[in-house]
file start.cif (mmCIF, C-alpha atoms)
data_coords
#
loop_
_atom_site.group_PDB
_atom_site.id
_atom_site.type_symbol
_atom_site.label_atom_id
_atom_site.label_comp_id
_atom_site.auth_asym_id
_atom_site.auth_seq_id
_atom_site.Cartn_x
_atom_site.Cartn_y
_atom_site.Cartn_z
ATOM 1 C CA MET J 18 0.000 0.000 0.000
ATOM 2 C CA ALA J 19 1.362 3.375 -1.048
ATOM 3 C CA ASN J 20 2.269 6.081 1.436
ATOM 4 C CA ILE J 21 -0.694 8.456 1.823
ATOM 5 C CA GLU J 22 1.405 11.480 0.836
ATOM 6 C CA ASP J 23 2.261 9.700 -2.446
ATOM 7 C CA THR J 24 -1.424 8.947 -3.015
ATOM 8 C CA VAL J 25 -2.353 12.603 -2.511
ATOM 9 C CA MET J 26 0.431 13.752 -4.835
ATOM 10 C CA ALA J 27 -0.774 11.267 -7.481
ATOM 11 C CA TYR J 28 -4.334 12.539 -7.038
ATOM 12 C CA TRP J 29 -3.325 16.163 -7.693
ATOM 13 C CA ASP J 30 -1.091 15.153 -10.587
ATOM 14 C CA ALA J 31 -4.025 13.339 -12.221
ATOM 15 C CA CYS J 32 -6.236 16.364 -11.590
ATOM 16 C CA GLU J 33 -3.806 18.848 -13.157
ATOM 17 C CA SER J 34 -3.396 16.424 -16.097
ATOM 18 C CA ARG J 35 -7.205 16.078 -16.475
ATOM 19 C CA ASP J 36 -6.538 12.335 -16.411
ATOM 20 C CA TRP J 37 -9.869 11.303 -14.945
ATOM 21 C CA ALA J 38 -9.256 7.592 -15.531
ATOM 22 C CA ARG J 39 -6.092 7.759 -13.452
ATOM 23 C CA MET J 40 -7.829 9.860 -10.803
ATOM 24 C CA GLY J 41 -10.636 7.291 -10.674
ATOM 25 C CA MET J 42 -8.186 4.517 -9.865
ATOM 26 C CA LEU J 43 -7.220 6.382 -6.684
ATOM 27 C CA LEU J 44 -10.825 6.734 -5.461
ATOM 28 C CA ALA J 45 -13.073 4.348 -3.558
ATOM 29 C CA ASP J 46 -16.360 3.545 -5.352
ATOM 30 C CA ASP J 47 -18.385 5.097 -2.532
ATOM 31 C CA MET J 48 -16.101 8.080 -1.890
ATOM 32 C CA VAL J 49 -17.635 11.311 -0.617
ATOM 33 C CA TYR J 50 -16.528 14.836 -1.487
ATOM 34 C CA HIS J 51 -17.474 17.579 1.010
ATOM 35 C CA LEU J 52 -17.409 21.335 0.545
ATOM 36 C CA PRO J 53 -18.288 22.665 4.019
ATOM 37 C CA GLN J 54 -18.356 26.324 2.942
ATOM 38 C CA THR J 55 -21.239 25.728 0.517
ATOM 39 C CA ARG J 56 -22.633 22.736 2.437
ATOM 40 C CA GLU J 57 -22.339 20.631 -0.721
ATOM 41 C CA ARG J 58 -21.684 16.932 -0.836
ATOM 42 C CA ILE J 59 -21.057 14.644 -3.798
ATOM 43 C CA ARG J 60 -21.470 10.908 -3.278
ATOM 44 C CA GLY J 61 -19.679 8.284 -5.318
ATOM 45 C CA ARG J 62 -16.725 8.104 -7.657
ATOM 46 C CA ALA J 63 -18.792 8.404 -10.833
ATOM 47 C CA ALA J 64 -20.498 11.642 -9.782
ATOM 48 C CA PHE J 65 -17.236 13.101 -8.474
ATOM 49 C CA LEU J 66 -15.382 12.352 -11.721
ATOM 50 C CA GLN J 67 -18.261 13.921 -13.674
ATOM 51 C CA PHE J 68 -18.064 17.002 -11.422
ATOM 52 C CA ASN J 69 -14.369 17.319 -12.239
ATOM 53 C CA ARG J 70 -14.880 16.685 -15.968
ATOM 54 C CA GLU J 71 -17.614 19.316 -16.169
ATOM 55 C CA TYR J 72 -15.817 21.926 -14.035
ATOM 56 C CA PRO J 73 -15.134 25.096 -16.070
ATOM 57 C CA GLY J 74 -11.597 25.022 -17.469
ATOM 58 C CA GLY J 75 -8.669 27.385 -17.577
ATOM 59 C CA TRP J 76 -7.251 26.509 -14.168
ATOM 60 C CA HIS J 77 -3.901 25.051 -13.199
ATOM 61 C CA LEU J 78 -2.780 23.801 -9.826
ATOM 62 C CA SER J 79 0.463 23.170 -8.048
ATOM 63 C CA VAL J 80 0.923 21.372 -4.754
ATOM 64 C CA THR J 81 2.255 23.704 -2.091
ATOM 65 C CA ARG J 82 2.316 21.111 0.683
ATOM 66 C CA VAL J 83 1.137 17.619 1.596
ATOM 67 C CA THR J 84 1.331 16.285 5.130
ATOM 68 C CA GLY J 85 -0.101 13.167 6.692
ATOM 69 C CA ALA J 86 0.436 9.675 7.972
ATOM 70 C CA GLY J 87 -1.465 6.422 8.157
ATOM 71 C CA ARG J 88 -4.865 6.888 6.554
ATOM 72 C CA GLN J 89 -5.240 10.678 6.906
ATOM 73 C CA ALA J 90 -3.538 13.587 5.172
ATOM 74 C CA ALA J 91 -3.996 17.245 4.291
ATOM 75 C CA SER J 92 -2.904 19.160 1.226
ATOM 76 C CA TRP J 93 -2.503 22.827 0.437
ATOM 77 C CA ILE J 94 -2.594 23.571 -3.259
ATOM 78 C CA THR J 95 -2.264 26.812 -5.204
ATOM 79 C CA VAL J 96 -4.739 27.202 -8.059
ATOM 80 C CA THR J 97 -4.059 29.687 -10.856
ATOM 81 C CA VAL J 98 -6.961 31.012 -12.958
ATOM 82 C CA ASP J 99 -6.427 33.906 -15.381
ATOM 83 C CA GLY J 100 -3.257 34.915 -13.534
ATOM 84 C CA ASP J 101 -4.928 35.001 -10.119
ATOM 85 C CA GLN J 102 -3.764 32.587 -7.458
ATOM 86 C CA GLN J 103 -5.996 31.014 -4.859
ATOM 87 C CA PRO J 104 -5.213 28.441 -2.176
ATOM 88 C CA ALA J 105 -7.318 25.358 -1.529
ATOM 89 C CA VAL J 106 -6.962 23.057 1.468
ATOM 90 C CA SER J 107 -8.151 19.458 1.398
ATOM 91 C CA PHE J 108 -8.346 16.722 4.009
ATOM 92 C CA PHE J 109 -8.140 13.132 2.801
ATOM 93 C CA ASP J 110 -9.180 9.796 4.297
ATOM 94 C CA LEU J 111 -8.079 6.508 2.825
ATOM 95 C CA ASP J 112 -9.979 3.235 3.129
ATOM 96 C CA GLU J 113 -8.312 -0.041 4.101
ATOM 97 C CA ALA J 114 -7.348 -0.690 0.475
ATOM 98 C CA GLY J 115 -5.505 2.644 0.275
ATOM 99 C CA ARG J 116 -8.132 4.357 -1.880
ATOM 100 C CA ILE J 117 -9.413 7.849 -1.144
ATOM 101 C CA SER J 118 -12.764 7.546 0.626
ATOM 102 C CA VAL J 119 -13.420 11.101 1.878
ATOM 103 C CA ILE J 120 -12.181 14.483 0.657
ATOM 104 C CA THR J 121 -13.177 17.582 2.619
ATOM 105 C CA GLU J 122 -12.137 20.737 0.815
ATOM 106 C CA PHE J 123 -11.914 24.415 1.754
ATOM 107 C CA TRP J 124 -11.520 27.372 -0.611
ATOM 108 C CA PRO J 125 -10.471 30.331 1.556
ATOM 109 C CA GLU J 126 -11.113 33.751 -0.013
ATOM 110 C CA PRO J 127 -9.179 36.974 0.624
ATOM 111 C CA TYR J 128 -10.676 39.410 3.144
ATOM 112 C CA GLU J 129 -9.693 42.674 4.795
ATOM 113 C CA PRO J 130 -8.173 42.325 8.278
ATOM 114 C CA PRO J 131 -10.223 43.580 11.215
ATOM 115 C CA ALA J 132 -9.007 46.818 12.799
ATOM 116 C CA GLY J 133 -7.068 46.868 16.048
ATOM 117 C CA ARG J 134 -4.068 44.665 15.417
ATOM 118 C CA GLU J 135 -1.967 46.921 13.213
ATOM 119 C CA HIS J 136 0.602 47.270 16.024
ATOM 120 C CA LEU J 137 1.375 43.552 15.808
ATOM 121 C CA VAL J 138 1.146 42.662 12.121
ATOM 122 C CA GLU J 139 2.816 43.536 8.873
ATOM 123 C CA ARG J 140 0.995 43.148 5.559
ATOM 124 C CA TYR J 141 2.766 41.791 2.528
ATOM 125 C CA ALA J 142 2.142 42.365 -1.160
ATOM 126 C CA ILE J 143 -0.332 40.435 -3.298
ATOM 127 C CA GLY J 144 1.564 37.671 -5.029
ATOM 128 C CA GLU J 145 4.442 37.621 -2.580
ATOM 129 C CA VAL J 146 5.551 34.049 -2.249
ATOM 130 C CA GLN J 147 4.663 32.390 1.025
ATOM 131 C CA PRO J 148 6.877 29.816 2.689
ATOM 132 C CA ALA J 149 5.310 26.406 2.283
ATOM 133 C CA MET A 69 11.025 15.040 21.024
ATOM 134 C CA ALA A 70 7.244 14.855 21.058
ATOM 135 C CA ASN A 71 5.216 13.629 18.123
ATOM 136 C CA ILE A 72 4.103 16.616 16.008
ATOM 137 C CA GLU A 73 0.431 15.677 16.345
ATOM 138 C CA ASP A 74 0.821 15.802 20.148
ATOM 139 C CA THR A 75 2.503 19.204 19.878
ATOM 140 C CA VAL A 76 -0.374 20.557 17.781
ATOM 141 C CA MET A 77 -2.961 19.148 20.201
ATOM 142 C CA ALA A 78 -1.093 20.764 23.111
ATOM 143 C CA TYR A 79 -0.991 24.061 21.219
ATOM 144 C CA TRP A 80 -4.771 24.096 20.704
ATOM 145 C CA ASP A 81 -5.401 22.977 24.273
ATOM 146 C CA ALA A 82 -3.302 25.898 25.570
ATOM 147 C CA CYS A 83 -5.165 28.242 23.214
ATOM 148 C CA GLU A 84 -8.635 27.111 24.352
ATOM 149 C CA SER A 85 -7.415 27.397 27.972
ATOM 150 C CA ARG A 86 -6.012 30.914 27.350
ATOM 151 C CA ASP A 87 -2.825 29.552 28.911
ATOM 152 C CA TRP A 88 -0.421 31.823 27.056
ATOM 153 C CA ALA A 89 2.572 30.773 29.147
ATOM 154 C CA ARG A 90 2.012 27.159 28.165
ATOM 155 C CA MET A 91 1.435 28.127 24.540
ATOM 156 C CA GLY A 92 4.670 30.112 24.600
ATOM 157 C CA MET A 93 6.646 27.057 25.650
ATOM 158 C CA LEU A 94 5.571 25.341 22.417
ATOM 159 C CA LEU A 95 6.739 28.204 20.167
ATOM 160 C CA ALA A 96 10.160 29.075 18.753
ATOM 161 C CA ASP A 97 11.398 32.565 19.693
ATOM 162 C CA ASP A 98 11.449 33.640 16.055
ATOM 163 C CA MET A 99 8.227 31.904 15.016
ATOM 164 C CA VAL A 100 6.138 33.420 12.218
ATOM 165 C CA TYR A 101 2.355 33.434 11.957
ATOM 166 C CA HIS A 102 0.882 33.878 8.453
ATOM 167 C CA LEU A 103 -2.677 34.724 7.448
ATOM 168 C CA PRO A 104 -2.603 34.446 3.635
ATOM 169 C CA GLN A 105 -6.198 35.623 3.171
ATOM 170 C CA THR A 106 -5.461 39.039 4.710
ATOM 171 C CA ARG A 107 -1.755 38.995 3.764
ATOM 172 C CA GLU A 108 -0.859 39.522 7.425
ATOM 173 C CA ARG A 109 2.260 38.253 9.126
ATOM 174 C CA ILE A 110 3.276 38.371 12.772
ATOM 175 C CA ARG A 111 6.936 37.826 13.609
ATOM 176 C CA GLY A 112 8.161 36.483 16.907
ATOM 177 C CA ARG A 113 6.718 34.642 19.878
ATOM 178 C CA ALA A 114 6.183 37.778 21.971
ATOM 179 C CA ALA A 115 4.091 39.539 19.325
ATOM 180 C CA PHE A 116 2.119 36.370 18.560
ATOM 181 C CA LEU A 117 1.289 35.787 22.234
ATOM 182 C CA GLN A 118 0.209 39.420 22.534
ATOM 183 C CA PHE A 119 -1.981 39.002 19.435
ATOM 184 C CA ASN A 120 -3.671 36.025 21.097
ATOM 185 C CA ARG A 121 -4.019 37.770 24.486
ATOM 186 C CA GLU A 122 -5.587 40.843 22.857
ATOM 187 C CA TYR A 123 -7.891 38.918 20.509
ATOM 188 C CA PRO A 124 -11.562 39.686 21.291
ATOM 189 C CA GLY A 125 -13.013 37.002 23.547
ATOM 190 C CA GLY A 126 -16.109 34.853 23.595
ATOM 191 C CA TRP A 127 -14.770 32.101 21.339
ATOM 192 C CA HIS A 128 -14.217 28.425 22.004
ATOM 193 C CA LEU A 129 -12.476 25.887 19.851
ATOM 194 C CA SER A 130 -12.412 22.150 19.450
ATOM 195 C CA VAL A 131 -9.976 20.145 17.372
ATOM 196 C CA THR A 132 -11.736 18.376 14.520
ATOM 197 C CA ARG A 133 -8.612 16.762 13.086
ATOM 198 C CA VAL A 134 -4.823 16.816 13.272
ATOM 199 C CA THR A 135 -2.657 15.029 10.734
ATOM 200 C CA GLY A 136 1.064 15.143 10.126
ATOM 201 C CA ALA A 137 4.425 13.498 10.476
ATOM 202 C CA GLY A 138 8.011 14.517 11.010
ATOM 203 C CA ARG A 139 8.194 18.299 11.255
ATOM 204 C CA GLN A 140 4.984 19.233 9.405
ATOM 205 C CA ALA A 141 1.315 18.911 10.308
ATOM 206 C CA ALA A 142 -2.096 20.360 9.557
ATOM 207 C CA SER A 143 -5.050 20.905 11.855
ATOM 208 C CA TRP A 144 -8.727 21.547 11.260
ATOM 209 C CA ILE A 145 -10.435 23.175 14.216
ATOM 210 C CA THR A 146 -14.025 24.246 14.780
ATOM 211 C CA VAL A 147 -14.423 27.643 16.439
ATOM 212 C CA THR A 148 -17.690 28.569 18.138
ATOM 213 C CA VAL A 149 -18.585 32.252 18.652
ATOM 214 C CA ASP A 150 -22.062 33.257 19.834
ATOM 215 C CA GLY A 151 -23.444 29.890 18.746
ATOM 216 C CA ASP A 152 -22.023 30.102 15.227
ATOM 217 C CA GLN A 153 -19.436 27.569 14.141
ATOM 218 C CA GLN A 154 -16.556 28.296 11.810
ATOM 219 C CA PRO A 155 -13.702 26.079 10.637
ATOM 220 C CA ALA A 156 -10.066 27.142 10.656
ATOM 221 C CA VAL A 157 -7.246 25.239 8.984
ATOM 222 C CA SER A 158 -3.632 25.648 10.072
ATOM 223 C CA PHE A 159 -0.342 24.305 8.764
ATOM 224 C CA PHE A 160 2.493 23.886 11.241
ATOM 225 C CA ASP A 161 6.269 23.616 10.895
ATOM 226 C CA LEU A 162 8.476 22.543 13.752
ATOM 227 C CA ASP A 163 12.107 23.500 14.178
ATOM 228 C CA GLU A 164 14.830 20.994 15.047
ATOM 229 C CA ALA A 165 14.076 21.379 18.759
ATOM 230 C CA GLY A 166 10.430 20.441 18.195
ATOM 231 C CA ARG A 167 9.077 23.962 18.700
ATOM 232 C CA ILE A 168 6.524 25.518 16.346
ATOM 233 C CA SER A 169 8.374 27.817 13.945
ATOM 234 C CA VAL A 170 5.720 28.623 11.303
ATOM 235 C CA ILE A 171 1.919 28.626 11.454
ATOM 236 C CA THR A 172 -0.010 29.378 8.258
ATOM 237 C CA GLU A 173 -3.702 29.731 8.955
ATOM 238 C CA PHE A 174 -6.829 29.876 6.801
ATOM 239 C CA TRP A 175 -10.314 30.993 7.879
ATOM 240 C CA PRO A 176 -12.697 29.784 5.146
ATOM 241 C CA GLU A 177 -16.032 31.631 5.046
ATOM 242 C CA PRO A 178 -19.378 30.259 3.808
ATOM 243 C CA TYR A 179 -20.384 31.128 0.245
ATOM 244 C CA GLU A 180 -23.172 30.239 -2.161
ATOM 245 C CA PRO A 181 -22.334 27.483 -4.646
ATOM 246 C CA PRO A 182 -21.982 28.454 -8.293
ATOM 247 C CA ALA A 183 -24.832 27.387 -10.563
ATOM 248 C CA GLY A 184 -24.545 24.410 -12.887
ATOM 249 C CA ARG A 185 -23.687 21.512 -10.628
ATOM 250 C CA GLU A 186 -27.025 20.895 -8.926
ATOM 251 C CA HIS A 187 -27.337 17.586 -10.804
ATOM 252 C CA LEU A 188 -24.283 16.232 -8.979
ATOM 253 C CA VAL A 189 -24.466 17.651 -5.461
ATOM 254 C CA GLU A 190 -26.721 17.549 -2.459
ATOM 255 C CA ARG A 191 -26.744 20.387 0.070
ATOM 256 C CA TYR A 192 -26.924 19.686 3.772
ATOM 257 C CA ALA A 193 -28.315 21.742 6.620
ATOM 258 C CA ILE A 194 -26.414 24.426 8.512
ATOM 259 C CA GLY A 195 -24.993 22.846 11.629
ATOM 260 C CA GLU A 196 -25.164 19.296 10.335
ATOM 261 C CA VAL A 197 -22.164 17.465 11.716
ATOM 262 C CA GLN A 198 -19.423 16.727 9.218
ATOM 263 C CA PRO A 199 -17.337 13.597 9.384
ATOM 264 C CA ALA A 200 -13.866 14.493 10.573
#

call {"tool": "encode", "arguments": {"input": "start.cif", "output": "structure tokens"}}
result
Amino acid sequence: MANIEDTVMAYWDACESRDWARMGMLLADDMVYHLPQTRERIRGRAAFLQFNREYPGGWHLSVTRVTGAGRQAASWITVTVDGDQQPAVSFFDLDEAGRISVITEFWPEPYEPPAGREHLVERYAIGEVQPA
Amino acid sequence: MANIEDTVMAYWDACESRDWARMGMLLADDMVYHLPQTRERIRGRAAFLQFNREYPGGWHLSVTRVTGAGRQAASWITVTVDGDQQPAVSFFDLDEAGRISVITEFWPEPYEPPAGREHLVERYAIGEVQPA
């Protein structure tokens, strides 16, 4: 059974390559995809692959970080669309066979900081590279 | 040297307990705290502890998940403020001494799903418990 970090890297590589057959081989038949921010849930490999196939194009992703052990991991990816970069954070569960059974994904949006902490923080420029 | 998942659990326990002295013992002197959504950065343990001490109160947190290995980990916590729940996702780096040297934190907000995928998704109720 592959290391979970390798499985997650292979998942994102298949996604960036739009290789849905290869992505499907990494997924359990009854996998579930959660998007807590929109309270959306997709059940099953077939529906999830269709969701990915039908997703509007023009995006590219790179893996900023993967961390995990055993049957759980998290990834932080950087998605580029029309020159804009956005992070996405995903939590993965593997089943006993090493296939991905649950993905819970967050898409954090930029926002303005609340007032009152300027004496403690510095702000950096849009596009400045973050340590990963 | 403690397991990184134990270090992250101890960090969140100190945070929920407002035990800033105990939190400080887990942090490297020159630690950095990043908030990519607001492009804010806090440098140094002293400033970060002050940021936490001064943060407006009334919140509680529980750890939904911690995953990691070696010197990197990720956590997913659930923060409750005035009955509302919000997730936060944090990535941790440890230094060679096992102290937290970098925290990169995301605060994903709810949003309405884009149109066009209703045939693939179900939406669940606000407050419905998510598998962790």

call {"tool": "interface_residues", "arguments": {"input": "start.cif", "of": "chain J", "to": "chain A", "cutoff": "9 Å", "atoms": "all atoms listed in the file", "output": "JSON, numbers by chain"}}
result
{"J": [51, 53, 54, 55, 56, 57, 58, 59, 60, 64, 65, 67, 68, 71, 72, 83, 84, 85, 86, 89, 90, 91, 92, 93, 104, 106, 108, 119, 121, 123, 124, 125, 126, 127, 128, 129, 130, 134, 137, 138, 139, 140, 141, 142, 143, 145, 147, 148, 149]}

call {"tool": "write_last_selection", "arguments": {"input": "start.cif", "atoms": "C-alpha atoms", "output": "short mmCIF file (atom, residue, chain, number, x, y, z; two decimals), in the frame of the given file"}}
result
data_model
loop_
_atom_site.label_atom_id
_atom_site.label_comp_id
_atom_site.auth_asym_id
_atom_site.auth_seq_id
_atom_site.Cartn_x
_atom_site.Cartn_y
_atom_site.Cartn_z
CA HIS J 51 -17.47 17.58 1.01
CA PRO J 53 -18.29 22.66 4.02
CA GLN J 54 -18.36 26.32 2.94
CA THR J 55 -21.24 25.73 0.52
CA ARG J 56 -22.63 22.74 2.44
CA GLU J 57 -22.34 20.63 -0.72
CA ARG J 58 -21.68 16.93 -0.84
CA ILE J 59 -21.06 14.64 -3.80
CA ARG J 60 -21.47 10.91 -3.28
CA ALA J 64 -20.50 11.64 -9.78
CA PHE J 65 -17.24 13.10 -8.47
CA GLN J 67 -18.26 13.92 -13.67
CA PHE J 68 -18.06 17.00 -11.42
CA GLU J 71 -17.61 19.32 -16.17
CA TYR J 72 -15.82 21.93 -14.04
CA VAL J 83 1.14 17.62 1.60
CA THR J 84 1.33 16.28 5.13
CA GLY J 85 -0.10 13.17 6.69
CA ALA J 86 0.44 9.68 7.97
CA GLN J 89 -5.24 10.68 6.91
CA ALA J 90 -3.54 13.59 5.17
CA ALA J 91 -4.00 17.24 4.29
CA SER J 92 -2.90 19.16 1.23
CA TRP J 93 -2.50 22.83 0.44
CA PRO J 104 -5.21 28.44 -2.18
CA VAL J 106 -6.96 23.06 1.47
CA PHE J 108 -8.35 16.72 4.01
CA VAL J 119 -13.42 11.10 1.88
CA THR J 121 -13.18 17.58 2.62
CA PHE J 123 -11.91 24.42 1.75
CA TRP J 124 -11.52 27.37 -0.61
CA PRO J 125 -10.47 30.33 1.56
CA GLU J 126 -11.11 33.75 -0.01
CA PRO J 127 -9.18 36.97 0.62
CA TYR J 128 -10.68 39.41 3.14
CA GLU J 129 -9.69 42.67 4.80
CA PRO J 130 -8.17 42.32 8.28
CA ARG J 134 -4.07 44.66 15.42
CA LEU J 137 1.38 43.55 15.81
CA VAL J 138 1.15 42.66 12.12
CA GLU J 139 2.82 43.54 8.87
CA ARG J 140 1.00 43.15 5.56
CA TYR J 141 2.77 41.79 2.53
CA ALA J 142 2.14 42.36 -1.16
CA ILE J 143 -0.33 40.44 -3.30
CA GLU J 145 4.44 37.62 -2.58
CA GLN J 147 4.66 32.39 1.02
CA PRO J 148 6.88 29.82 2.69
CA ALA J 149 5.31 26.41 2.28
#

call {"tool": "calpha_fit_and_write", "arguments": {"input": "start.cif", "fixed": "chain J", "moving": "chain A", "output": "compact mmCIF listing (two decimals) with C-alpha atoms, in the coordinates of the input"}}
result
# COMPACT_ATOMS: atom_id res chain seq x y z
CA MET A 69 0.00 -0.01 0.01
CA ALA A 70 1.36 3.37 -1.04
CA ASN A 71 2.26 6.08 1.43
CA ILE A 72 -0.70 8.46 1.83
CA GLU A 73 1.40 11.48 0.84
CA ASP A 74 2.26 9.71 -2.44
CA THR A 75 -1.42 8.94 -3.01
CA VAL A 76 -2.35 12.60 -2.51
CA MET A 77 0.43 13.76 -4.84
CA ALA A 78 -0.78 11.27 -7.48
CA TYR A 79 -4.34 12.54 -7.04
CA TRP A 80 -3.33 16.16 -7.68
CA ASP A 81 -1.09 15.16 -10.58
CA ALA A 82 -4.02 13.33 -12.22
CA CYS A 83 -6.24 16.37 -11.58
CA GLU A 84 -3.80 18.85 -13.15
CA SER A 85 -3.40 16.43 -16.09
CA ARG A 86 -7.20 16.08 -16.47
CA ASP A 87 -6.52 12.34 -16.41
CA TRP A 88 -9.86 11.31 -14.95
CA ALA A 89 -9.25 7.60 -15.53
CA ARG A 90 -6.09 7.78 -13.46
CA MET A 91 -7.82 9.87 -10.80
CA GLY A 92 -10.62 7.30 -10.68
CA MET A 93 -8.17 4.52 -9.87
CA LEU A 94 -7.21 6.39 -6.69
CA LEU A 95 -10.82 6.74 -5.46
CA ALA A 96 -13.08 4.35 -3.56
CA ASP A 97 -16.36 3.55 -5.36
CA ASP A 98 -18.39 5.09 -2.55
CA MET A 99 -16.11 8.06 -1.90
CA VAL A 100 -17.63 11.31 -0.62
CA TYR A 101 -16.53 14.83 -1.48
CA HIS A 102 -17.48 17.58 1.01
CA LEU A 103 -17.42 21.35 0.55
CA PRO A 104 -18.29 22.67 4.03
CA GLN A 105 -18.36 26.33 2.95
CA THR A 106 -21.24 25.74 0.52
CA ARG A 107 -22.63 22.74 2.43
CA GLU A 108 -22.34 20.64 -0.73
CA ARG A 109 -21.68 16.93 -0.85
CA ILE A 110 -21.05 14.65 -3.81
CA ARG A 111 -21.47 10.91 -3.28
CA GLY A 112 -19.69 8.29 -5.32
CA ARG A 113 -16.72 8.12 -7.65
CA ALA A 114 -18.79 8.41 -10.84
CA ALA A 115 -20.48 11.65 -9.78
CA PHE A 116 -17.22 13.11 -8.47
CA LEU A 117 -15.37 12.36 -11.72
CA GLN A 118 -18.23 13.92 -13.67
CA PHE A 119 -18.06 17.00 -11.42
CA ASN A 120 -14.36 17.32 -12.24
CA ARG A 121 -14.85 16.69 -15.98
CA GLU A 122 -17.61 19.32 -16.16
CA TYR A 123 -15.82 21.92 -14.03
CA PRO A 124 -15.14 25.10 -16.07
CA GLY A 125 -11.60 25.03 -17.45
CA GLY A 126 -8.67 27.40 -17.57
CA TRP A 127 -7.25 26.51 -14.15
CA HIS A 128 -3.91 25.05 -13.19
CA LEU A 129 -2.78 23.80 -9.83
CA SER A 130 0.47 23.17 -8.04
CA VAL A 131 0.92 21.37 -4.75
CA THR A 132 2.25 23.70 -2.08
CA ARG A 133 2.32 21.11 0.69
CA VAL A 134 1.14 17.62 1.60
CA THR A 135 1.34 16.27 5.13
CA GLY A 136 -0.10 13.16 6.69
CA ALA A 137 0.43 9.67 7.97
CA GLY A 138 -1.46 6.42 8.15
CA ARG A 139 -4.87 6.89 6.55
CA GLN A 140 -5.24 10.68 6.90
CA ALA A 141 -3.54 13.59 5.18
CA ALA A 142 -4.00 17.24 4.31
CA SER A 143 -2.90 19.15 1.23
CA TRP A 144 -2.50 22.83 0.45
CA ILE A 145 -2.59 23.57 -3.26
CA THR A 146 -2.27 26.81 -5.19
CA VAL A 147 -4.74 27.20 -8.05
CA THR A 148 -4.06 29.69 -10.84
CA VAL A 149 -6.97 31.01 -12.95
CA ASP A 150 -6.44 33.91 -15.37
CA GLY A 151 -3.28 34.92 -13.53
CA ASP A 152 -4.93 35.01 -10.11
CA GLN A 153 -3.76 32.59 -7.45
CA GLN A 154 -5.99 31.01 -4.84
CA PRO A 155 -5.22 28.44 -2.15
CA ALA A 156 -7.31 25.35 -1.53
CA VAL A 157 -6.96 23.06 1.48
CA SER A 158 -8.15 19.46 1.41
CA PHE A 159 -8.34 16.72 4.01
CA PHE A 160 -8.14 13.13 2.81
CA ASP A 161 -9.18 9.80 4.30
CA LEU A 162 -8.08 6.51 2.83
CA ASP A 163 -9.97 3.25 3.14
CA GLU A 164 -8.30 -0.03 4.10
CA ALA A 165 -7.35 -0.68 0.48
CA GLY A 166 -5.52 2.65 0.28
CA ARG A 167 -8.13 4.36 -1.89
CA ILE A 168 -9.42 7.87 -1.14
CA SER A 169 -12.77 7.55 0.63
CA VAL A 170 -13.42 11.11 1.88
CA ILE A 171 -12.19 14.49 0.66
CA THR A 172 -13.18 17.59 2.63
CA GLU A 173 -12.14 20.74 0.82
CA PHE A 174 -11.91 24.41 1.76
CA TRP A 175 -11.52 27.37 -0.61
CA PRO A 176 -10.46 30.33 1.56
CA GLU A 177 -11.12 33.74 -0.01
CA PRO A 178 -9.18 36.98 0.64
CA TYR A 179 -10.68 39.41 3.15
CA GLU A 180 -9.69 42.67 4.80
CA PRO A 181 -8.17 42.32 8.27
CA PRO A 182 -10.21 43.57 11.22
CA ALA A 183 -9.00 46.81 12.80
CA GLY A 184 -7.07 46.85 16.05
CA ARG A 185 -4.07 44.66 15.41
CA GLU A 186 -1.97 46.91 13.19
CA HIS A 187 0.58 47.27 16.01
CA LEU A 188 1.37 43.55 15.79
CA VAL A 189 1.16 42.66 12.11
CA GLU A 190 2.82 43.54 8.86
CA ARG A 191 0.99 43.15 5.55
CA TYR A 192 2.74 41.77 2.51
CA ALA A 193 2.14 42.35 -1.18
CA ILE A 194 -0.34 40.43 -3.31
CA GLY A 195 1.54 37.66 -5.04
CA GLU A 196 4.43 37.62 -2.61
CA VAL A 197 5.54 34.02 -2.27
CA GLN A 198 4.63 32.35 1.00
CA PRO A 199 6.86 29.79 2.64
CA ALA A 200 5.30 26.37 2.25

call {"tool": "residues_around", "arguments": {"input": "start.cif", "residues": "Asp150 of chain A", "least_positions_apart": "4", "cutoff": "12 Å", "atoms": "all atoms listed in the file", "output": "mmCIF file with C-alpha atoms, in the frame of the given file"}}
result
data_model
loop_
_atom_site.group_PDB
_atom_site.id
_atom_site.type_symbol
_atom_site.label_atom_id
_atom_site.label_comp_id
_atom_site.auth_asym_id
_atom_site.auth_seq_id
_atom_site.Cartn_x
_atom_site.Cartn_y
_atom_site.Cartn_z
ATOM 1 C CA GLY A 125 -13.013 37.002 23.547
ATOM 2 C CA GLY A 126 -16.109 34.853 23.595
ATOM 3 C CA TRP A 127 -14.770 32.101 21.339
ATOM 4 C CA HIS A 128 -14.217 28.425 22.004
ATOM 5 C CA GLN A 154 -16.556 28.296 11.810
#

call {"tool": "atom_distance", "arguments": {"input": "start.cif", "atom1": "atom CA of Ala165 of chain A", "atom2": "atom CA of Ile72 of chain A"}}
result
11.4 Å

call {"tool": "atom_distance", "arguments": {"input": "start.cif", "atom1": "atom CA of Ala19 of chain J", "atom2": "atom CA of Arg62 of chain J"}}
result
19.8 Å

call {"tool": "closest_residue", "arguments": {"input": "start.cif", "among": "J:Leu66, J:Val80, J:Met42, J:Ile120", "to": "Asp30 of chain J", "atoms": "only C-alpha atoms"}}
result
J:Val80

call {"tool": "resolve_selection", "arguments": {"input": "start.cif", "expression": "the PyMOL selection byres ((chain J and resi 118) around 7)", "output": "compact mmCIF listing (two decimals) with C-alpha atoms, keeping the file's coordinate frame"}}
result
# COMPACT_ATOMS: atom_id res chain seq x y z
CA LEU J 44 -10.82 6.73 -5.46
CA ALA J 45 -13.07 4.35 -3.56
CA ASP J 47 -18.39 5.10 -2.53
CA MET J 48 -16.10 8.08 -1.89
CA VAL J 49 -17.64 11.31 -0.62
CA ASP J 110 -9.18 9.80 4.30
CA LEU J 111 -8.08 6.51 2.82
CA ASP J 112 -9.98 3.24 3.13
CA ARG J 116 -8.13 4.36 -1.88
CA ILE J 117 -9.41 7.85 -1.14
CA VAL J 119 -13.42 11.10 1.88
CA ILE J 120 -12.18 14.48 0.66
